[in-house]
Structures are given as structure tokens and as C-alpha cells.
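Report on the structure given below.
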2 protein chains.
Amino acid sequence: MKVGIIGGTGFIGTGMALRLSQNHEVIMGSRKKEKATVSCDACCLTLKELDIPFNLTSSTNQGVVDDSDIIIFSIPAEMLSVTVDSLTGLEGKIVVSLMNPMERGDYFRYAPPEEGSAAQQLQKMLPDSTVVSAFNNIPAKLWNQMSKILDYTVCVCGDDKDGKQIVMELVNSISELKALDAGPLAVSATVEAITPLLINIAKFNKMRDVGVYFR
Amino acid sequence: MKVGIIGGTGFIGTGMALRLSQNHEVIMGSRKKEKATVSCDACCLTLKELDIPFNLTSSTNQGVVDDSDIIIFSIPAEMLSVTVDSLTGLEGKIVVSLMNPMERGDYFRYAPPEEGSAAQQLQKMLPDSTVVSAFNNIPAKLWNQMSKILDYTVCVCGDDKDGKQIVMELVNSISELKALDAGPLAVSATVEAITPLLINIAKFNKMRDVGVYFR
């Protein structure tokens with residue numbers, strides 16, 4: 001299956017492209033084709049230097065939707081509405097949400113939309129797509145550090161059994177990530193809320209890049 | 001400091017008594033003194049058979065409050081109001097909440113009170129006590145299996161710096177538990193919500209006694 005990354009030129013998006021393109025056909029997208037091309041070229045160079053085989057191309061975000069079976073929304077939660085409104089043809093596709101809406105104060109707080117979670121909001125906007133939440137709690141800075149092993153569990157939430165299974169396999173194909181079925185999409189609120197908790201833990205305990213392992 | 005356990009004869013309460021009384025003076029309480037005595041005798045026997053030194057006595061829940069500096073509420077969330085109403089003299093004491101209010105359906109859902117979390121509800125009921133949340137996400141069945149090492153991180157939330165520090169030291173005195181400062185008491189909602197998530201993960205992935213390690 002072709003995997004597309006909306007917002008593929010961001011911090012997490014490029015890291016996902018680097019990691020996923022080793023085992024999957026990946027298209028990284030951006031609003032502007034030129035930006036996607038520059039990021040894609042940089043990723044390709046990194047992978048060539050590491051002598052890792054890969055399959056990675058770039059396109060606009062719309063091009064990503066048109067050509068992919070699984071579409072990962074690697075965008076800030078506040079960009080969700082404008083991004084979805086700019087795209088067509090998401091019907092029937094698997095859409096992966098890794099968004100964690102949060103507010104910053106003395107500490108980070110989970111700030112869910114009225115739908116319950118960002119993933120549920122996305123599902124409401126895309127009633128004919130299969131939305132699955134995953135990858136929420138992986139320390140953002142580790143994605144594109146190729147020397148770092150990602151040894152974490154990943155909660156996967158979704159209402160469609162087959163879609164969830166496909167995303168769990170995608171998770172398990174990356175580094176040492178281990179997918180866990182965390183239940184229906186409604187559970188994604190709890191999973192999204194763990195990300196500000198991780199950031200707070202890092203801050204209050206002078207730790208770095210805190211992730212989670214359920215065991 | 002003397003550590004008292006309200007609801008000390010329950011599943012988790014007896015396990016905490018077994019583990020804490022190795023390094024602390026512990027009083028386990030129950031509504032009825034006789035019930036506390038029976039549980040205490042059983043714990044003492046277990047510890048003697050394991051040849052572990054300990055300091056453990058029993059009392060009524062009120063006796064626990066009267067004689068302890070740190071009071072652990074090891075009760076189901078739905079018993080909170082009736083239990084607090086039955087007690088006096090909690091002012092000025094450190095009160096530890098490990099309650100996780102949840103509902104059961106196809107899967108477990110976090111069901112917080114209107115105050116935000118069970119710990120915040122307890123703090124509202126006891127404005128002159130120092131409420132700290134801890135121990136929320138430890139697999140319940142492991143507490144009283146003395147052969148099992150508890151190798152998990154424990155999120156500790158509280159608004160009083162000194163109280164939180166004391167509870168973190170209490171956490172770190174048990175098995176291989178590692179206390180993490182997770183921020184103010186308001187964060188306890190996220191930590192409490194992790195417990196139904198853990199139960200769901202165990203169920204959906206055919207795992208047992210799932211706990212969490214933030215790293």
C-alpha cells in the first residue's frame with residue numbers, strides 16, 4: 001500500500017518519511033510542491049548516505065491524497081480544518097491522525113475539540129474515510145534522528161477493524177515500535193492527552209524525549 | 001512518618017500494606033476494626049514467612065486518620081463521599097488518592113467527576129488537607145504478589161511542593177517503582193484516565209497486568 005504524508009515537510013513528517021520509506025512506497029506532501037521536493041531530496045540524500053534502500057517521492061498534499069491508500073495527517077491540530085477543506089478525494093481511504101491538541105501555560109494541557117479528540121473531529125469531517133489514531137506519543141524529536149531506535153508502544157484507536165489492523169502493521173514496520181490495539185476511536189482522547197503529560201514529565205523531571213511503554 | 005491506609009483490607013490496600021510496611025510504620029484501616037485485624041494478621045504472617053522485617057498494625061479508618069501523617073485512600077471512587085463524610089481530623093495531613101473513576105461498557109471509559117478528577121474532588125472535599133495523586137496506574141493484581149517486582153513509573157500530581165516530594169519518596173521506597181513529578185493536581189485527570197486505557201489494552205491485546213513506563 002502507498003503511504004502518503006500530509007504535512008510531510010514538518011519535523012515529524014520528514015522523520016516518518018525517512019523511517020517508513022524503507023519498507024513502504026511513501027509520498028511526502030506539502031501545500032507547495034517545491035517545498036515537498038526540497039524536503040524529499042534531503043531525505044533521499046540522508047537515506048543514500050546511510051546506504052538504506054528506500055522508495056520516496058514528493059507531491060502536493062492533494063497529490064498525496066490522489067496517489068495514496070493510507071494518508072497520515074502530520075499537521076498541527078490547529079491546521080486541521082483548513083487542511084481538510086483544501087483537499088478532495090479522501091473518501092474510502094485510511095486516514096491516520098497523530099494530532100494532539102494542547103495549550104501551553106505553566107504546564108501543557110490537553111485541549112480537545114468538542115468532538116472529544118482530534119481524531120474524532122477528523123472522522124466527523126471525513127465521514128466516508130476510515131480514521132485511525134496512532135503515533136501520538138512518540139517523542140517528536142526522535143523521528144528524524146535515524147541513529148535512535150524507537151522502542152515504544154503505540155496505542156492505535158479506530159472503529160474499523162480492518163483499517164486499524166493495517167495501521168497496526170504500519171506501526172510495527174517502524175524501528176522497534178510495537179502497536180497496541182487501544183480500542184475504538186473514542187479512546188483516542190486519552191491517548192492524545194498523554195502527549196502533554198509526557199512533555200510535562202520531561203520538563204518537571206529534567207528528562208528528554210519522554211515516550212511511553214505499556215507493558 | 002506514619003503511613004495509614006484507608007480501605008486497607010481491599011485488594012490493593014493489603015498489597016500496599018505488605019510493600020510499605022517493610023520501610024515505614026504502616027496502619028491499615030477498615031470501617032470495622034475486626035476486619036482490619038484479620039487482614040493485618042494475614043499480612044503479618046505473609047511477611048514473617050518471607051522473613052521480611054516489617055512494622056504493621058491495624059485500626060478503624062478513623063484510627064488510621066488519627067495516628068498517621070500520610071493517609072492513602074485505597075477505596076473505589078464511588079465510595080469517596082461516604083468515606084470522607086465518615087472521617088474527621090484530616091486537616092493538615094497528606095492525603096494520597098489512587099482512585100480512578102471509570103465506567104464499564106464494551107470497553108472501560110474514564111468517568112471523572114465534575115471537579116475534573118477524583119483527586120481534585122477529594123481536594124475540594126478536604127480544602128485543608130494536602131491531596132496528592134499517585135499509584136494510579138499500577139496493575140492492581142500485582143500489589144499483593146510479593147514475588148512480583150513492581151517496575152513501573154508512577155506519576156505524582158499535587159499543588160503542594162513539599163507534600164508531593166514526600167509522596168514521591170514514598171513511591172520510590174517501594175520495589176522498583178520510580179516516581180515522576182507530573183505537575184499540579186489538575187494533571188491527575190490524565191493520569192487517572194490511563195488506568196481504563198491500560199485495562200482496555202490488556203483486554204484487546206490479550207495481555208495481563210499492563211502497567212506503564214514513561215522513559
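Residue numbers start at 1 in each chain; chains themselves are named A, B, ... in the order of the C-alpha cells; ligands are numbered from 1 in the order shown.
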
Considering only C-alpha atoms, tabulate each residue of chain B that lies at most 7 Å from chain A along with its nearest interatomic pair and the corresponding distance in Å to one decimal; arrange the rows by chain and ascending residue number and present them as JSON lines.
{"residue": "B:Leu180", "atom": "CA", "partner": "A:Asn205", "partner_atom": "CA", "distance": 6.6}
{"residue": "B:Asp181", "atom": "CA", "partner": "A:Phe204", "partner_atom": "CA", "distance": 6.0}
{"residue": "B:Ala182", "atom": "CA", "partner": "A:Ile201", "partner_atom": "CA", "distance": 5.1}
{"residue": "B:Gly183", "atom": "CA", "partner": "A:Asn200", "partner_atom": "CA", "distance": 6.8}
{"residue": "B:Thr190", "atom": "CA", "partner": "A:Ala193", "partner_atom": "CA", "distance": 6.4}
{"residue": "B:Ala193", "atom": "CA", "partner": "A:Thr190", "partner_atom": "CA", "distance": 6.4}
{"residue": "B:Ile194", "atom": "CA", "partner": "A:Thr190", "partner_atom": "CA", "distance": 6.9}
{"residue": "B:Leu197", "atom": "CA", "partner": "A:Ala182", "partner_atom": "CA", "distance": 6.9}
{"residue": "B:Asn200", "atom": "CA", "partner": "A:Ala182", "partner_atom": "CA", "distance": 6.2}
{"residue": "B:Ile201", "atom": "CA", "partner": "A:Ala182", "partner_atom": "CA", "distance": 5.1}
{"residue": "B:Phe204", "atom": "CA", "partner": "A:Asp181", "partner_atom": "CA", "distance": 5.9}
{"residue": "B:Asn205", "atom": "CA", "partner": "A:Asp181", "partner_atom": "CA", "distance": 6.2}
{"residue": "B:Val210", "atom": "CA", "partner": "A:Arg215", "partner_atom": "CA", "distance": 5.1}
{"residue": "B:Gly211", "atom": "CA", "partner": "A:Arg215", "partner_atom": "CA", "distance": 5.5}
{"residue": "B:Val212", "atom": "CA", "partner": "A:Phe214", "partner_atom": "CA", "distance": 4.5}
{"residue": "B:Tyr213", "atom": "CA", "partner": "A:Tyr213", "partner_atom": "CA", "distance": 5.1}
{"residue": "B:Phe214", "atom": "CA", "partner": "A:Val212", "partner_atom": "CA", "distance": 4.5}
{"residue": "B:Arg215", "atom": "CA", "partner": "A:Val210", "partner_atom": "CA", "distance": 5.1}

Write a file of the just-selected residues containing C-alpha atoms, as a PDB file, in the first residue's frame.
ATOM      1  CA  LEU B 180       7.768  11.159  38.308  1.00  0.00           C
ATOM      2  CA  ASP B 181       6.579  14.670  39.059  1.00  0.00           C
ATOM      3  CA  ALA B 182       3.671  15.004  36.627  1.00  0.00           C
ATOM      4  CA  GLY B 183       2.744  18.528  37.683  1.00  0.00           C
ATOM      5  CA  THR B 190      -4.962  12.488  32.554  1.00  0.00           C
ATOM      6  CA  ALA B 193      -7.675   8.173  32.626  1.00  0.00           C
ATOM      7  CA  ILE B 194      -4.670   5.993  31.821  1.00  0.00           C
ATOM      8  CA  LEU B 197      -6.753   2.614  28.920  1.00  0.00           C
ATOM      9  CA  ASN B 200      -8.561  -1.915  27.567  1.00  0.00           C
ATOM     10  CA  ILE B 201      -5.080  -2.594  26.205  1.00  0.00           C
ATOM     11  CA  PHE B 204      -7.789  -6.056  23.345  1.00  0.00           C
ATOM     12  CA  ASN B 205      -4.222  -7.371  23.094  1.00  0.00           C
ATOM     13  CA  VAL B 210      -0.464  -3.954  31.963  1.00  0.00           C
ATOM     14  CA  GLY B 211       1.352  -1.035  33.564  1.00  0.00           C
ATOM     15  CA  VAL B 212       3.149   1.972  32.211  1.00  0.00           C
ATOM     16  CA  TYR B 213       6.736   3.052  31.950  1.00  0.00           C
ATOM     17  CA  PHE B 214       7.470   6.585  30.834  1.00  0.00           C
ATOM     18  CA  ARG B 215      11.052   6.759  29.608  1.00  0.00           C
TER      19      ARG B 215
END

Give me, as a ChimeraX atom specification, all polymer residues having an atom no more than 9 Å from stretch 21-36 of chain B, counting only C-alpha atoms and skipping those fewer than 4 positions away in the same chain.
/B:1-10,13-14,16-17,40-41,47,52-65,67-68,83,170,173-174

Suppose you want the space between atom CA of B:Ser97 and atom CA of B:Gly15; what is it in Å?
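Atom-to-atom, atom CA of B:Ser97 and atom CA of B:Gly15 are spaced 15.7 Å apart.
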
Looking only at the backbone, which of the residues in stretch 1-210 of chain B does DSSP tag as strand (DSSP E or B), as an MDAnalysis selection string?
chainID B and resid 2:6 25:30 56:60 70:73 94:97 102:104 108:110 130:133 153:158 178:183

Please dump the current selection as a CSV table (one decimal), in the first residue's frame; keep C-alpha atoms.
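Heads up, here's the output in selection26.csv:
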chain,number,residue,atom,x,y,z
B,2,LYS,CA,3.4,7.1,59.8
B,3,VAL,CA,1.5,5.9,56.7
B,4,GLY,CA,-2.2,4.9,57.1
B,5,ILE,CA,-4.2,3.1,54.5
B,6,ILE,CA,-8.0,3.8,54.4
B,25,GLU,CA,5.4,2.4,60.0
B,26,VAL,CA,2.0,1.4,58.5
B,27,ILE,CA,-1.5,1.2,59.9
B,28,MET,CA,-4.1,-0.5,57.8
B,29,GLY,CA,-7.7,0.5,58.4
B,30,SER,CA,-11.2,-0.6,57.7
B,56,LEU,CA,2.3,-3.1,60.6
B,57,THR,CA,-0.7,-2.6,62.8
B,58,SER,CA,-4.4,-2.2,62.2
B,59,SER,CA,-7.2,0.1,63.3
B,60,THR,CA,-10.5,1.6,62.1
B,70,ILE,CA,0.2,10.3,55.3
B,71,ILE,CA,-3.2,8.8,54.6
B,72,ILE,CA,-3.7,6.7,51.5
B,73,PHE,CA,-7.3,6.5,50.2
B,94,ILE,CA,-1.1,14.5,53.4
B,95,VAL,CA,-3.9,12.6,51.6
B,96,VAL,CA,-2.9,10.3,48.7
B,97,SER,CA,-5.5,9.5,46.0
B,102,MET,CA,-14.4,4.6,35.4
B,103,GLU,CA,-17.4,3.1,33.7
B,104,ARG,CA,-17.6,-0.3,32.1
B,108,PHE,CA,-13.7,0.9,30.1
B,109,ARG,CA,-14.1,4.6,30.0
B,110,TYR,CA,-12.8,7.3,32.3
B,130,THR,CA,-2.7,18.3,51.0
B,131,VAL,CA,-4.1,16.0,48.4
B,132,VAL,CA,-1.5,14.2,46.1
B,133,SER,CA,-2.4,11.7,43.5
B,153,THR,CA,7.0,4.8,36.7
B,154,VAL,CA,4.4,6.5,38.9
B,155,CYS,CA,3.0,9.9,38.0
B,156,VAL,CA,2.7,12.0,41.1
B,157,CYS,CA,0.4,15.1,40.9
B,158,GLY,CA,-0.1,17.8,43.5
B,178,LYS,CA,10.1,5.3,40.1
B,179,ALA,CA,8.2,8.5,40.9
B,180,LEU,CA,7.8,11.2,38.3
B,181,ASP,CA,6.6,14.7,39.1
B,182,ALA,CA,3.7,15.0,36.6
B,183,GLY,CA,2.7,18.5,37.7

Write out as an MDAnalysis selection string each polymer residue whose atoms come within 12 Å of A:Val82, counting only C-alpha atoms; drop sequence neighbours fewer than 6 positions from it.
chainID A and resid 31 75:76 122 125

Could you turn the residues from that selection into a file that holds N, CA and C atoms, as a PDB file, in the first residue's frame?
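Output below, filename result22.pdb:
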ATOM      1  N   ARG A  31       1.878  21.847   1.100  1.00  0.00           N
ATOM      2  CA  ARG A  31       0.965  22.701   0.352  1.00  0.00           C
ATOM      3  C   ARG A  31       1.606  23.107  -0.977  1.00  0.00           C
ATOM      4  N   ILE A  75       0.136  17.066  10.853  1.00  0.00           N
ATOM      5  CA  ILE A  75      -0.026  18.529  10.901  1.00  0.00           C
ATOM      6  C   ILE A  75      -0.403  18.930  12.314  1.00  0.00           C
ATOM      7  N   PRO A  76      -0.153  20.200  12.680  1.00  0.00           N
ATOM      8  CA  PRO A  76      -0.617  20.664  13.997  1.00  0.00           C
ATOM      9  C   PRO A  76      -2.147  20.638  14.030  1.00  0.00           C
ATOM     10  N   LEU A 122     -11.626  14.739  13.117  1.00  0.00           N
ATOM     11  CA  LEU A 122     -11.262  14.406  11.740  1.00  0.00           C
ATOM     12  C   LEU A 122     -12.262  13.401  11.144  1.00  0.00           C
ATOM     13  N   MET A 125     -15.341  15.181  10.147  1.00  0.00           N
ATOM     14  CA  MET A 125     -15.148  15.951   8.918  1.00  0.00           C
ATOM     15  C   MET A 125     -15.085  15.040   7.695  1.00  0.00           C
TER      16      MET A 125
END

Can you tell me, as a CSV table (one decimal) with N, CA and C atoms, in the first residue's frame, what residues are no more than 6 Å from A:Leu98 when counting only C-alpha atoms, ignoring any on the same chain fewer than 3 positions away?
chain,number,residue,atom,x,y,z
A,133,SER,N,-6.3,6.6,14.9
A,133,SER,CA,-5.3,7.4,15.5
A,133,SER,C,-4.1,6.5,15.9
A,134,ALA,N,-2.9,7.0,15.7
A,134,ALA,CA,-1.7,6.3,16.0
A,134,ALA,C,-0.5,7.2,16.1
A,135,PHE,N,0.6,6.8,16.6
A,135,PHE,CA,1.9,7.5,16.7
A,135,PHE,C,1.8,8.8,17.6
A,136,ASN,N,0.7,8.9,18.4
A,136,ASN,CA,0.5,10.2,19.1
A,136,ASN,C,1.7,10.5,20.1
